[in-house]
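Asker: So here's work.txt (compact mmCIF, C-alpha atoms and all ligand atoms).
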# COMPACT_ATOMS: atom_id res chain seq x y z
CA THR Z 541 -1.96 72.08 -3.39
CA ARG Z 542 1.35 73.00 -1.78
CA ILE Z 543 3.60 70.22 -0.61
CA LEU Z 544 6.82 70.29 1.40
CA GLY Z 545 9.21 67.58 0.17
CA ILE Z 546 12.20 66.28 2.12
CA GLU Z 547 14.90 64.15 0.49
CA GLY Z 548 17.76 62.38 2.21
CA THR Z 549 18.50 58.92 0.83
CA ALA Z 550 22.26 59.30 0.45
CA TRP Z 551 24.19 62.51 -0.11
CA ALA Z 552 21.68 65.32 -0.69
CA ALA Z 553 19.95 66.91 2.31
CA SER Z 554 17.23 68.68 0.42
CA ALA Z 555 13.87 70.34 1.04
CA ALA Z 556 11.44 71.74 -1.50
CA VAL Z 557 8.03 73.32 -1.84
CA PHE Z 558 5.91 72.43 -4.85
CA ASP Z 559 3.06 74.82 -5.56
CA ALA Z 560 0.79 72.93 -7.97
CA ALA Z 561 -1.33 75.94 -8.94
CA ARG Z 562 1.72 77.86 -10.14
CA ASP Z 563 3.64 74.71 -11.18
CA ASP Z 564 6.54 76.19 -9.25
CA VAL Z 565 9.21 74.26 -7.39
CA PHE Z 566 11.51 75.87 -4.82
CA ILE Z 567 14.48 73.64 -3.85
CA GLU Z 568 17.11 74.14 -1.16
CA SER Z 569 19.86 71.49 -0.98
CA ASP Z 570 23.02 70.88 1.00
CA ALA Z 571 25.34 68.18 -0.38
CA TYR Z 572 27.48 65.88 1.74
CA GLN Z 573 31.02 65.83 0.39
CA PRO Z 574 33.18 62.96 1.70
CA GLU Z 575 36.71 64.02 2.64
CA SER Z 576 38.07 60.86 1.08
CA GLY Z 577 36.67 57.81 -0.67
CA GLY Z 578 32.98 57.33 -1.35
CA ILE Z 579 29.89 57.94 0.78
CA HIS Z 580 30.28 56.78 4.41
CA PRO Z 581 26.76 56.00 5.70
CA ARG Z 582 27.41 57.25 9.25
CA GLU Z 583 28.98 60.51 8.08
CA ALA Z 584 26.17 61.00 5.58
CA ALA Z 585 23.61 60.53 8.38
CA GLU Z 586 25.46 63.09 10.52
CA HIS Z 587 25.25 65.46 7.57
CA MET Z 588 21.48 64.86 7.43
CA HIS Z 589 21.16 65.63 11.16
CA GLU Z 590 22.92 68.87 10.72
CA ALA Z 591 21.62 70.02 7.32
CA VAL Z 592 17.99 68.83 7.18
CA PRO Z 593 16.67 71.37 9.76
CA ARG Z 594 18.42 74.16 7.87
CA VAL Z 595 17.10 73.27 4.38
CA VAL Z 596 13.60 72.61 5.75
CA GLU Z 597 13.55 76.00 7.49
CA ARG Z 598 14.60 77.69 4.24
CA ALA Z 599 11.87 75.88 2.27
CA LEU Z 600 9.24 76.75 4.89
CA GLU Z 601 10.33 80.39 4.75
CA ASP Z 602 9.68 80.33 1.03
CA ALA Z 603 6.31 78.66 1.63
CA ARG Z 604 5.33 81.36 4.14
CA GLU Z 605 6.45 84.17 1.83
CA THR Z 606 4.41 82.87 -1.11
CA HIS Z 607 1.35 81.75 0.89
CA ASP Z 608 -1.71 83.96 0.39
CA GLY Z 609 -4.03 82.29 2.95
CA PRO Z 610 -4.50 83.49 6.55
CA ALA Z 611 -1.36 83.43 8.72
CA SER Z 612 -3.09 81.00 11.10
CA GLU Z 613 -3.15 78.32 8.34
CA PRO Z 614 -0.09 76.12 7.75
CA PRO Z 615 1.67 77.31 4.57
CA ILE Z 616 1.69 73.74 3.19
CA ASP Z 617 -0.94 71.00 2.80
CA ALA Z 618 1.25 67.97 3.48
CA VAL Z 619 4.79 66.79 4.20
CA ALA Z 620 6.25 64.27 1.74
CA PHE Z 621 9.52 62.47 2.43
CA SER Z 622 11.80 59.95 0.73
CA ARG Z 623 11.02 56.62 2.41
CA GLY Z 624 13.58 54.59 0.46
CA PRO Z 625 15.49 53.07 -1.19
CA GLY Z 626 18.63 54.51 0.35
CA LEU Z 627 21.03 54.36 3.29
CA GLY Z 628 19.16 53.34 6.46
CA PRO Z 629 20.87 55.82 8.83
CA CYS Z 630 20.08 58.73 6.46
CA LEU Z 631 16.50 57.64 5.83
CA ARG Z 632 15.80 57.39 9.54
CA VAL Z 633 16.87 61.00 10.15
CA VAL Z 634 14.64 62.24 7.34
CA GLY Z 635 11.71 60.06 8.42
CA THR Z 636 11.90 61.43 11.96
CA ALA Z 637 12.04 65.01 10.70
CA ALA Z 638 9.05 64.46 8.39
CA ARG Z 639 6.92 62.85 11.12
CA ALA Z 640 7.72 65.66 13.56
CA LEU Z 641 6.83 68.33 11.01
CA SER Z 642 3.58 66.70 9.98
CA GLN Z 643 2.59 66.53 13.66
CA ALA Z 644 3.69 70.07 14.44
CA LEU Z 645 1.87 71.56 11.44
CA SER Z 646 -1.11 69.15 11.68
CA VAL Z 647 -0.86 68.15 8.03
CA PRO Z 648 -0.79 64.66 6.44
CA LEU Z 649 2.40 62.67 5.92
CA VAL Z 650 3.15 61.17 2.47
CA GLY Z 651 5.87 58.51 2.00
CA VAL Z 652 7.50 58.65 -1.43
CA ASN Z 653 9.55 55.99 -3.22
CA HIS Z 654 12.73 57.78 -4.32
CA MET Z 655 13.07 55.81 -7.59
CA VAL Z 656 9.46 56.40 -8.59
CA ALA Z 657 10.09 60.10 -7.86
CA HIS Z 658 13.12 60.07 -10.25
CA LEU Z 659 10.69 58.76 -12.88
CA GLU Z 660 7.61 60.86 -12.16
CA ILE Z 661 9.50 64.15 -12.27
CA GLY Z 662 10.34 63.41 -15.93
CA ARG Z 663 6.72 62.54 -16.66
CA HIS Z 664 5.71 65.79 -14.97
CA THR Z 665 8.17 68.05 -16.81
CA SER Z 666 7.68 66.33 -20.20
CA GLY Z 667 3.90 66.04 -20.09
CA PHE Z 668 4.35 62.57 -21.65
CA ASP Z 669 1.50 60.22 -21.00
CA ALA Z 670 2.95 56.72 -20.81
CA PRO Z 671 6.72 56.86 -21.19
CA VAL Z 672 9.32 54.20 -20.60
CA CYS Z 673 11.73 55.55 -17.99
CA LEU Z 674 15.44 54.97 -17.68
CA ASN Z 675 16.58 55.66 -14.12
CA ALA Z 676 20.33 56.17 -14.26
CA SER Z 677 21.29 57.17 -10.74
CA GLY Z 678 24.11 56.56 -8.29
CA ALA Z 679 22.91 53.45 -6.50
CA ASN Z 680 20.46 52.18 -9.15
CA ALA Z 681 19.88 51.54 -12.84
CA HIS Z 682 16.39 50.46 -13.90
CA LEU Z 683 14.06 50.54 -16.85
CA LEU Z 684 10.50 51.07 -15.75
CA ALA Z 685 7.12 51.17 -17.44
CA TYR Z 686 3.61 51.47 -16.06
CA ARG Z 687 1.19 48.57 -16.35
CA ASN Z 688 -1.88 47.62 -14.31
CA GLY Z 689 -1.36 49.90 -11.36
CA ARG Z 690 2.39 49.53 -10.92
CA TYR Z 691 5.68 50.59 -12.40
CA ARG Z 692 7.15 47.33 -13.64
CA VAL Z 693 10.90 46.82 -13.67
CA LEU Z 694 11.58 45.75 -17.26
CA GLY Z 695 15.32 45.57 -16.85
CA GLU Z 696 17.96 46.46 -14.31
CA THR Z 697 21.57 46.19 -13.29
CA MET Z 698 22.61 42.78 -12.06
CA ASP Z 699 25.23 44.29 -9.73
CA THR Z 700 25.99 47.92 -8.82
CA GLY Z 701 24.17 51.11 -9.79
CA VAL Z 702 25.58 52.99 -12.77
CA GLY Z 703 26.89 56.07 -10.89
CA ASN Z 704 28.45 53.93 -8.17
CA ALA Z 705 30.22 51.84 -10.82
CA ILE Z 706 31.76 54.96 -12.36
CA ASP Z 707 32.66 56.31 -8.91
CA LYS Z 708 34.50 53.08 -8.06
CA PHE Z 709 36.73 53.54 -11.08
CA THR Z 710 37.47 57.18 -10.19
CA ARG Z 711 38.30 56.20 -6.61
CA HIS Z 712 40.82 53.71 -8.01
CA VAL Z 713 42.36 56.50 -10.07
CA GLY Z 714 42.47 58.76 -6.98
CA TRP Z 715 39.87 61.33 -8.08
CA SER Z 716 37.52 62.85 -5.51
CA HIS Z 717 33.82 61.97 -5.20
CA PRO Z 718 31.63 62.21 -7.25
CA GLY Z 719 33.48 60.74 -10.21
CA GLY Z 720 30.87 61.00 -12.99
CA PRO Z 721 31.58 64.61 -14.00
CA LYS Z 722 35.35 63.95 -13.98
CA VAL Z 723 34.98 60.94 -16.27
CA GLU Z 724 32.83 63.05 -18.59
CA ALA Z 725 35.47 65.80 -18.73
CA ALA Z 726 38.37 63.38 -19.28
CA ALA Z 727 36.45 61.44 -21.97
CA ALA Z 728 36.46 64.53 -24.20
CA ASP Z 729 40.14 63.84 -25.02
CA GLY Z 730 39.97 60.06 -25.29
CA ASP Z 731 40.00 57.34 -27.94
CA TYR Z 732 38.29 53.97 -27.86
CA VAL Z 733 39.97 50.95 -26.27
CA ASP Z 734 38.23 47.62 -25.98
CA LEU Z 735 36.28 47.04 -22.74
CA PRO Z 736 33.57 44.47 -21.87
CA TYR Z 737 29.96 45.16 -22.86
CA VAL Z 738 27.40 43.06 -20.95
CA VAL Z 739 23.70 43.04 -21.77
CA LYS Z 740 21.60 39.95 -21.02
CA GLY Z 741 18.11 40.40 -22.38
CA MET Z 742 16.81 43.45 -20.55
CA ASP Z 743 19.40 43.30 -17.76
CA PHE Z 744 22.97 44.51 -17.71
CA SER Z 745 26.06 44.30 -15.57
CA PHE Z 746 28.84 46.74 -14.72
CA SER Z 747 31.24 44.69 -12.60
CA GLY Z 748 33.22 43.22 -15.53
CA ILE Z 749 33.70 46.53 -17.27
CA MET Z 750 34.76 48.26 -14.06
CA SER Z 751 37.42 45.62 -13.28
CA ALA Z 752 38.68 45.78 -16.86
CA ALA Z 753 38.81 49.59 -16.71
CA LYS Z 754 40.86 49.52 -13.50
CA GLN Z 755 43.16 46.92 -15.04
CA ALA Z 756 43.60 48.97 -18.23
CA TYR Z 757 44.50 52.03 -16.15
CA ASP Z 758 47.01 49.99 -14.09
CA ASP Z 759 48.51 48.68 -17.35
CA GLY Z 760 49.20 52.24 -18.47
CA VAL Z 761 46.35 52.90 -20.90
CA PRO Z 762 45.81 56.71 -20.86
CA VAL Z 763 43.05 57.58 -18.40
CA GLU Z 764 41.27 59.70 -21.05
CA ASP Z 765 40.97 56.62 -23.27
CA VAL Z 766 39.61 54.52 -20.40
CA CYS Z 767 37.08 57.24 -19.53
CA PHE Z 768 35.97 57.63 -23.14
CA SER Z 769 35.51 53.87 -23.56
CA LEU Z 770 33.74 53.50 -20.21
CA GLN Z 771 31.20 56.08 -21.31
CA GLU Z 772 30.75 54.56 -24.76
CA ASN Z 773 30.15 51.06 -23.40
CA ILE Z 774 28.15 51.82 -20.27
CA PHE Z 775 25.89 54.33 -21.99
CA GLY Z 776 25.70 52.09 -25.07
CA MET Z 777 24.39 49.30 -22.83
CA LEU Z 778 21.79 51.62 -21.27
CA THR Z 779 20.76 52.85 -24.72
CA GLU Z 780 20.41 49.31 -26.09
CA VAL Z 781 18.11 48.19 -23.26
CA SER Z 782 16.11 51.41 -23.46
CA GLU Z 783 15.49 50.77 -27.15
CA ARG Z 784 14.46 47.20 -26.40
CA ALA Z 785 12.04 48.47 -23.72
CA LEU Z 786 10.47 50.94 -26.17
CA SER Z 787 10.10 48.20 -28.74
CA LEU Z 788 8.63 45.72 -26.23
CA THR Z 789 6.08 48.13 -24.77
CA GLY Z 790 5.24 49.89 -28.05
CA SER Z 791 5.79 53.22 -26.27
CA ASP Z 792 7.16 56.14 -28.28
CA GLU Z 793 8.24 58.21 -25.27
CA LEU Z 794 11.39 57.88 -23.19
CA VAL Z 795 12.24 59.90 -20.09
CA LEU Z 796 15.56 59.93 -18.28
CA GLY Z 797 15.98 60.20 -14.51
CA GLY Z 798 18.80 60.12 -11.94
CA GLY Z 799 22.10 61.89 -11.38
CA VAL Z 800 23.97 60.16 -14.23
CA GLY Z 801 21.31 61.68 -16.51
CA GLN Z 802 23.28 64.93 -16.22
CA ASN Z 803 25.84 63.40 -18.61
CA ASP Z 804 25.71 64.94 -22.09
CA ARG Z 805 27.00 61.84 -23.88
CA LEU Z 806 24.27 59.65 -22.35
CA ARG Z 807 21.62 62.17 -23.33
CA GLU Z 808 23.04 62.39 -26.85
CA MET Z 809 22.98 58.60 -27.32
CA LEU Z 810 19.43 58.26 -26.00
CA GLY Z 811 18.27 61.24 -28.05
CA GLU Z 812 19.76 59.79 -31.27
CA MET Z 813 18.27 56.36 -30.63
CA CYS Z 814 14.82 57.88 -30.04
CA ALA Z 815 15.08 60.11 -33.13
CA GLN Z 816 15.96 57.07 -35.27
CA ARG Z 817 12.83 55.22 -34.22
CA GLY Z 818 10.54 58.25 -34.24
CA ALA Z 819 10.17 58.34 -30.46
CA GLU Z 820 10.30 61.41 -28.25
CA PHE Z 821 13.01 61.82 -25.64
CA HIS Z 822 12.93 64.01 -22.56
CA ALA Z 823 15.54 64.67 -19.88
CA PRO Z 824 14.53 67.01 -17.04
CA GLU Z 825 16.79 69.92 -16.13
CA PRO Z 826 19.82 68.94 -13.95
CA ARG Z 827 18.33 70.19 -10.66
CA PHE Z 828 15.60 67.54 -11.07
CA LEU Z 829 17.97 64.74 -12.16
CA ARG Z 830 20.41 64.53 -9.27
CA ASP Z 831 18.87 63.70 -5.88
CA ASN Z 832 16.59 66.59 -4.91
CA ALA Z 833 13.50 67.22 -2.83
CA GLY Z 834 11.67 68.83 -5.76
CA MET Z 835 10.87 65.42 -7.21
CA ILE Z 836 9.70 64.21 -3.77
CA ALA Z 837 7.36 67.22 -3.44
CA VAL Z 838 5.97 66.81 -6.99
CA LEU Z 839 5.17 63.12 -6.56
CA GLY Z 840 4.04 63.83 -2.98
CA ALA Z 841 1.43 66.25 -4.41
CA LYS Z 842 0.08 63.61 -6.82
CA MET Z 843 -0.12 61.07 -4.00
CA TYR Z 844 -1.74 63.57 -1.63
CA ASP Z 845 -4.38 64.44 -4.25
CA ALA Z 846 -5.06 60.71 -4.62
CA GLY Z 847 -5.62 60.43 -0.84
CA ASP Z 848 -2.42 58.45 -0.40
CA ALA Z 849 -1.30 59.59 3.09
CA LEU Z 850 0.50 57.47 5.70
CA ALA Z 851 -0.59 56.76 9.26
CA LEU Z 852 2.24 57.49 11.67
CA GLU Z 853 2.50 53.85 12.72
CA ASP Z 854 2.91 52.75 9.07
CA SER Z 855 5.52 55.35 8.20
CA ARG Z 856 8.67 53.36 8.81
CA VAL Z 857 11.46 53.89 6.23
CA ASP Z 858 12.55 51.07 3.89
CA PRO Z 859 16.19 51.00 2.68
CA ASP Z 860 15.27 48.34 0.06
CA PHE Z 861 12.00 49.91 -1.14
CA ARG Z 862 11.59 48.75 -4.75
CA PRO Z 863 9.67 50.81 -7.29
CA ASP Z 864 7.36 47.89 -8.15
CA GLN Z 865 6.20 47.67 -4.50
CA VAL Z 866 4.40 50.99 -4.90
CA SER Z 867 0.70 50.89 -5.69
CA VAL Z 868 0.29 53.72 -8.20
CA THR Z 869 -2.80 55.47 -6.86
CA TRP Z 870 -2.40 58.68 -8.86
CA ARG Z 871 -2.82 57.18 -12.33
CA SER Z 872 -6.24 55.58 -11.98
CA ASP Z 873 -7.31 56.97 -15.37
CA GLU Z 874 -5.02 54.56 -17.21
CA PRO Z 875 -6.48 51.71 -19.27
CA ASP Z 876 -5.18 48.22 -18.41
P1 LIG M 1 19.99 56.93 -6.04
O1 LIG M 1 19.11 57.98 -6.62
O2 LIG M 1 20.01 55.65 -6.78
O3 LIG M 1 19.78 56.74 -4.56
P2 LIG M 1 22.33 58.60 -5.61
O4 LIG M 1 21.68 58.98 -4.35
O5 LIG M 1 23.75 58.16 -5.52
O6 LIG M 1 21.47 57.48 -6.28
P3 LIG M 1 22.05 60.62 -7.81
O7 LIG M 1 22.07 62.04 -7.40
O8 LIG M 1 20.89 60.14 -8.59
O9 LIG M 1 22.30 59.84 -6.51
O10 LIG M 1 23.35 60.33 -8.69
C1 LIG M 1 24.64 60.57 -8.23
C2 LIG M 1 25.60 59.91 -9.21
O11 LIG M 1 25.57 60.63 -10.44
C3 LIG M 1 27.03 59.84 -8.75
O12 LIG M 1 27.45 58.50 -8.85
C4 LIG M 1 27.76 60.72 -9.75
O13 LIG M 1 29.07 60.27 -10.07
C5 LIG M 1 26.87 60.64 -10.98
N1 LIG M 1 27.02 61.77 -11.89
C6 LIG M 1 26.85 63.08 -11.61
N2 LIG M 1 27.12 63.84 -12.70
C7 LIG M 1 27.48 62.98 -13.69
C8 LIG M 1 27.91 63.13 -15.05
N3 LIG M 1 28.01 64.33 -15.62
N4 LIG M 1 28.20 62.00 -15.74
C9 LIG M 1 28.10 60.79 -15.18
N5 LIG M 1 27.72 60.58 -13.92
C10 LIG M 1 27.42 61.66 -13.17
Starting from the coordinates I provided, produce the structure as structure tokens.

Answerer:
Amino acid sequence: TRILGIEGTAWAASAAVFDAARDDVFIESDAYQPESGGIHPREAAEHMHEAVPRVVERALEDARETHDGPASEPPIDAVAFSRGPGLGPCLRVVGTAARALSQALSVPLVGVNHMVAHLEIGRHTSGFDAPVCLNASGANAHLLAYRNGRYRVLGETMDTGVGNAIDKFTRHVGWSHPGGPKVEAAAADGDYVDLPYVVKGMDFSFSGIMSAAKQAYDDGVPVEDVCFSLQENIFGMLTEVSERALSLTGSDELVLGGGVGQNDRLREMLGEMCAQRGAEFHAPEPRFLRDNAGMIAVLGAKMYDAGDALALEDSRVDPDFRPDQVSVTWRSDEPD
């Protein structure tokens, strides 16, 4: 199976080809970089308009080069696209492109949930059977585990996503987007100062800690210390709930997904927690953590193999598409 994936939920215009026989993923991405502030939905959609045709053409070139069937055959078996969650104006551009391509190439259309893709890529690259997944991305933060045909949300943020929370602090400080890598760099020279830490059962909240961090910065606390403490508390919260999820489900496998998963301190904390309880921890390589079409193509292939294609009239995008709305057709082998 060879699947073309297209991603465009927020900032990454990305296209990929997953060749299942060779377990090979080709990814071409073009990032939207805001001139000031955070992501502006209209500008991001304009970026999609401009960049999606280019990245798709590059991915299709790769598909044609590596295709050994007759030239009359399409070089791919299906087109998979990110249906949501994400910014409506961006999703609509990508949805239109995916529908047009599936029509033009006469191949099925597969609609992928972006958050489930962040999770499944880790299951794919780890080979783990039934992991708990921590999705630590820009606009989201969830703990997910599979049960009875769905990925259940065991815990989640009660306000903003984890990356967006960090980016709000860096905007306040005047650093350019995205802020996560800058906080990570500054934290290397910091010491701990007290900031809020909010976990309620399996859920957590970032708004209090972000306000306190901005206040601390305004009060003259060195920015390195604020960054260090932000990381310790935010990632400590994510590690605590991940441990609770492992304990609750009895799973001994944890996978990490999402752009914030590129952070070394978060990976270190999760790795140590797993080692202490005899669980295995896996974080995919960075190109699969940040938004990318590779994860859309990989999950698209599983869905395609399970016969999970979309009729054109049912292919509308969904900016609020939750992971637990997806019927998991590709894991039918699982016991209840
Ligand atoms: P979603 O997948 O929820 O739609 P998203 O589209 O914003 O989110 P991702 O690519 O998953 O995108 O994550 C982007 C976020 O990752 C940004 O908020 C960015 O600041 C953060 N990030 C990137 N690198 C790091 C890092 N090293 N440490 C912390 N955060 C990081």

Asker: In Å, with one decimal, what is the gap from CA of Val838 (chain Z) to CA of Phe558 (chain Z)?

Answerer: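 For CA of Val838 (chain Z) relative to CA of Phe558 (chain Z), the distance reads 6.0 Å.
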
Asker: Determine, counting only C-alpha atoms, which protein, DNA and RNA residues have an atom within 8 Å of an atom of Phe566 (chain Z); residues of the same chain fewer than 4 positions away are not included. Present the result as a list in words.

Answerer: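 Neighbouring residues, sequence-local ones excluded: Ala556, Val557, Phe558, Ala599, Asp602 and Gly834 of chain Z.
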
Asker: What does the distance between CA of Pro721 (chain Z) and CA of Gly741 (chain Z) come to in Å, to one decimal place?

Answerer: 28.9 Å

Asker: Mind listing the residues within 6 Å of ligand LIG 1 (chain M), only C-alpha atoms and all ligand atoms counted, as a PyMOL selection string?

Answerer: chain Z and resi 549-550+626+677-680+703-704+707+718-721+724+798-800+802-803+830-831

Asker: Atoms to include: C-alpha atoms. Write the selected residues as a PDB file, in the frame of the given file.

Answerer:
ATOM      1  CA  THR Z 549      18.500  58.920   0.830  1.00  0.00           C
ATOM      2  CA  ALA Z 550      22.260  59.300   0.450  1.00  0.00           C
ATOM      3  CA  GLY Z 626      18.630  54.510   0.350  1.00  0.00           C
ATOM      4  CA  SER Z 677      21.290  57.170 -10.740  1.00  0.00           C
ATOM      5  CA  GLY Z 678      24.110  56.560  -8.290  1.00  0.00           C
ATOM      6  CA  ALA Z 679      22.910  53.450  -6.500  1.00  0.00           C
ATOM      7  CA  ASN Z 680      20.460  52.180  -9.150  1.00  0.00           C
ATOM      8  CA  GLY Z 703      26.890  56.070 -10.890  1.00  0.00           C
ATOM      9  CA  ASN Z 704      28.450  53.930  -8.170  1.00  0.00           C
ATOM     10  CA  ASP Z 707      32.660  56.310  -8.910  1.00  0.00           C
ATOM     11  CA  PRO Z 718      31.630  62.210  -7.250  1.00  0.00           C
ATOM     12  CA  GLY Z 719      33.480  60.740 -10.210  1.00  0.00           C
ATOM     13  CA  GLY Z 720      30.870  61.000 -12.990  1.00  0.00           C
ATOM     14  CA  PRO Z 721      31.580  64.610 -14.000  1.00  0.00           C
ATOM     15  CA  GLU Z 724      32.830  63.050 -18.590  1.00  0.00           C
ATOM     16  CA  GLY Z 798      18.800  60.120 -11.940  1.00  0.00           C
ATOM     17  CA  GLY Z 799      22.100  61.890 -11.380  1.00  0.00           C
ATOM     18  CA  VAL Z 800      23.970  60.160 -14.230  1.00  0.00           C
ATOM     19  CA  GLN Z 802      23.280  64.930 -16.220  1.00  0.00           C
ATOM     20  CA  ASN Z 803      25.840  63.400 -18.610  1.00  0.00           C
ATOM     21  CA  ARG Z 830      20.410  64.530  -9.270  1.00  0.00           C
ATOM     22  CA  ASP Z 831      18.870  63.700  -5.880  1.00  0.00           C
TER      23      ASP Z 831
END

Asker: Quick check, in Å to one decimal: how far apart do CA of Gly748 (chain Z) and CA of Met698 (chain Z) lie?

Answerer: 11.2 Å

Asker: With 12 Å as the cut-off and all atoms listed in the file counted, what is the closest atom pair between each nearby residue of region 568-604 of chain Z and region 631-641 of chain Z? Distances in Å to one decimal, ordered by chain and number, as CSV.

Answerer:
residue,atom,partner,partner_atom,distance
Z:Pro581,CA,Z:Leu631,CA,10.4
Z:Arg582,CA,Z:Val633,CA,11.2
Z:Ala584,CA,Z:Leu631,CA,10.2
Z:Ala585,CA,Z:Val633,CA,7.0
Z:Glu586,CA,Z:Val633,CA,8.8
Z:His587,CA,Z:Val633,CA,9.8
Z:Met588,CA,Z:Val633,CA,6.6
Z:His589,CA,Z:Val633,CA,6.4
Z:Glu590,CA,Z:Val633,CA,9.9
Z:Ala591,CA,Z:Val634,CA,10.5
Z:Val592,CA,Z:Val634,CA,7.4
Z:Pro593,CA,Z:Ala637,CA,7.9
Z:Arg594,CA,Z:Ala637,CA,11.5
Z:Val595,CA,Z:Ala637,CA,11.6
Z:Val596,CA,Z:Ala637,CA,9.2
Z:Glu597,CA,Z:Leu641,CA,10.8
Z:Leu600,CA,Z:Leu641,CA,10.7

Asker: Which one of Z:Gly689, Z:Pro671, Z:Gly847, Z:Gly760 sits closest to Thr789 (chain Z) if you count all atoms listed in the file?

Answerer: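 Comparing Z:Gly689, Z:Pro671, Z:Gly847, Z:Gly760 against Thr789 (chain Z), the winner is Z:Pro671.
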
Asker: Identify, on the basis of all atoms listed in the file, every residue whose closest approach to Val693 (chain Z) does not exceed 9 Å; exclude the query and any residue fewer than 6 positions from it along the same chain; express the result as a ChimeraX atom specification.

Answerer: /Z:682-686,863-864

Asker: Skipping near chain neighbours, those fewer than 3 positions away, what residues fall within 6 Å of His654 (chain Z) using only C-alpha atoms, listed as a VMD selection string?

Answerer: chain Z and resid 622 624 657

Asker: Extract, using all atoms listed in the file, all DNA, RNA and protein residues at most 12 Å from Cys673 (chain Z), discarding same-chain residues fewer than 2 positions from it, and format them as a PyMOL selection string.

Answerer: chain Z and resi 655-663+666+668-671+675-676+681-686+691-696+778-779+781-783+785-786+789+791-798+801+810+820-824+863

Asker: From the options Z:Gly701, Z:Leu649, Z:Asp734, Z:Pro610, which residue's atoms come nearest to Glu853 (chain Z), counting all atoms listed in the file?

Answerer: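 Answer, going by the shortest atom-to-atom distance: Z:Leu649.
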
Asker: Is it possible to get the axis-aligned box enclosing region 596-603 of chain Z (all listed atoms, 5 Å extra per side) as AutoDock Vina command-line options, with centre and edge lengths in Å rounded to one decimal?

Answerer:
--center_x 10.5 --center_y 76.5 --center_z 4.3 --size_x 18.3 --size_y 17.8 --size_z 16.5

Asker: Pick from Z:Gly818, Z:Gly811, Z:Gly548, Z:Pro762: nearest to Gly790 (chain Z), with all atoms listed in the file counted?

Answerer: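 Answer, going by the shortest atom-to-atom distance: Z:Gly818.
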
Asker: Within 6 Å of Asp559 (chain Z), counting all atoms listed in the file, which residues qualify if same-chain residues fewer than 4 places away don't, as a list in words?

Answerer: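 Counting all atoms listed in the file, the residues come to Arg542, Asp563 and Asp564 of chain Z.
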
Asker: Kindly provide, as JSON, numbers by chain, the polymer residues lying within 8 Å of (36.9, 56.3, -18.4), counting only C-alpha atoms and using the coordinates exactly as they appear in the file.

Answerer: {"Z": [709, 723, 724, 726, 727, 753, 763, 764, 765, 766, 767, 768, 769, 770, 771]}

Asker: Because the input lacks atoms here, generate N, CA and C atoms for region 774-785 of chain Z and report them as a PDB file, in the coordinates of the input.

Answerer:
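out-v4.pdb was written with the following content:
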ATOM      1  N   ILE Z 774      29.208  51.792 -21.288  1.00  0.00           N
ATOM      2  CA  ILE Z 774      28.150  51.820 -20.270  1.00  0.00           C
ATOM      3  C   ILE Z 774      26.893  52.489 -20.830  1.00  0.00           C
ATOM      4  N   PHE Z 775      27.073  53.617 -21.480  1.00  0.00           N
ATOM      5  CA  PHE Z 775      25.890  54.330 -21.990  1.00  0.00           C
ATOM      6  C   PHE Z 775      25.315  53.596 -23.211  1.00  0.00           C
ATOM      7  N   GLY Z 776      26.188  52.917 -23.962  1.00  0.00           N
ATOM      8  CA  GLY Z 776      25.700  52.090 -25.070  1.00  0.00           C
ATOM      9  C   GLY Z 776      24.799  50.971 -24.554  1.00  0.00           C
ATOM     10  N   MET Z 777      25.212  50.361 -23.443  1.00  0.00           N
ATOM     11  CA  MET Z 777      24.390  49.300 -22.830  1.00  0.00           C
ATOM     12  C   MET Z 777      23.038  49.862 -22.403  1.00  0.00           C
ATOM     13  N   LEU Z 778      23.058  51.019 -21.741  1.00  0.00           N
ATOM     14  CA  LEU Z 778      21.790  51.620 -21.270  1.00  0.00           C
ATOM     15  C   LEU Z 778      20.905  52.012 -22.454  1.00  0.00           C
ATOM     16  N   THR Z 779      21.532  52.458 -23.535  1.00  0.00           N
ATOM     17  CA  THR Z 779      20.760  52.850 -24.720  1.00  0.00           C
ATOM     18  C   THR Z 779      20.147  51.619 -25.390  1.00  0.00           C
ATOM     19  N   GLU Z 780      20.924  50.542 -25.462  1.00  0.00           N
ATOM     20  CA  GLU Z 780      20.410  49.310 -26.090  1.00  0.00           C
ATOM     21  C   GLU Z 780      19.172  48.793 -25.329  1.00  0.00           C
ATOM     22  N   VAL Z 781      19.264  48.730 -24.013  1.00  0.00           N
ATOM     23  CA  VAL Z 781      18.110  48.190 -23.260  1.00  0.00           C
ATOM     24  C   VAL Z 781      16.929  49.161 -23.292  1.00  0.00           C
ATOM     25  N   SER Z 782      17.214  50.450 -23.360  1.00  0.00           N
ATOM     26  CA  SER Z 782      16.110  51.410 -23.460  1.00  0.00           C
ATOM     27  C   SER Z 782      15.364  51.219 -24.778  1.00  0.00           C
ATOM     28  N   GLU Z 783      16.131  50.993 -25.843  1.00  0.00           N
ATOM     29  CA  GLU Z 783      15.490  50.770 -27.150  1.00  0.00           C
ATOM     30  C   GLU Z 783      14.645  49.500 -27.106  1.00  0.00           C
ATOM     31  N   ARG Z 784      15.195  48.458 -26.488  1.00  0.00           N
ATOM     32  CA  ARG Z 784      14.460  47.200 -26.400  1.00  0.00           C
ATOM     33  C   ARG Z 784      13.159  47.411 -25.596  1.00  0.00           C
ATOM     34  N   ALA Z 785      13.237  48.219 -24.542  1.00  0.00           N
ATOM     35  CA  ALA Z 785      12.040  48.470 -23.720  1.00  0.00           C
ATOM     36  C   ALA Z 785      10.988  49.236 -24.520  1.00  0.00           C
TER      37      ALA Z 785
END
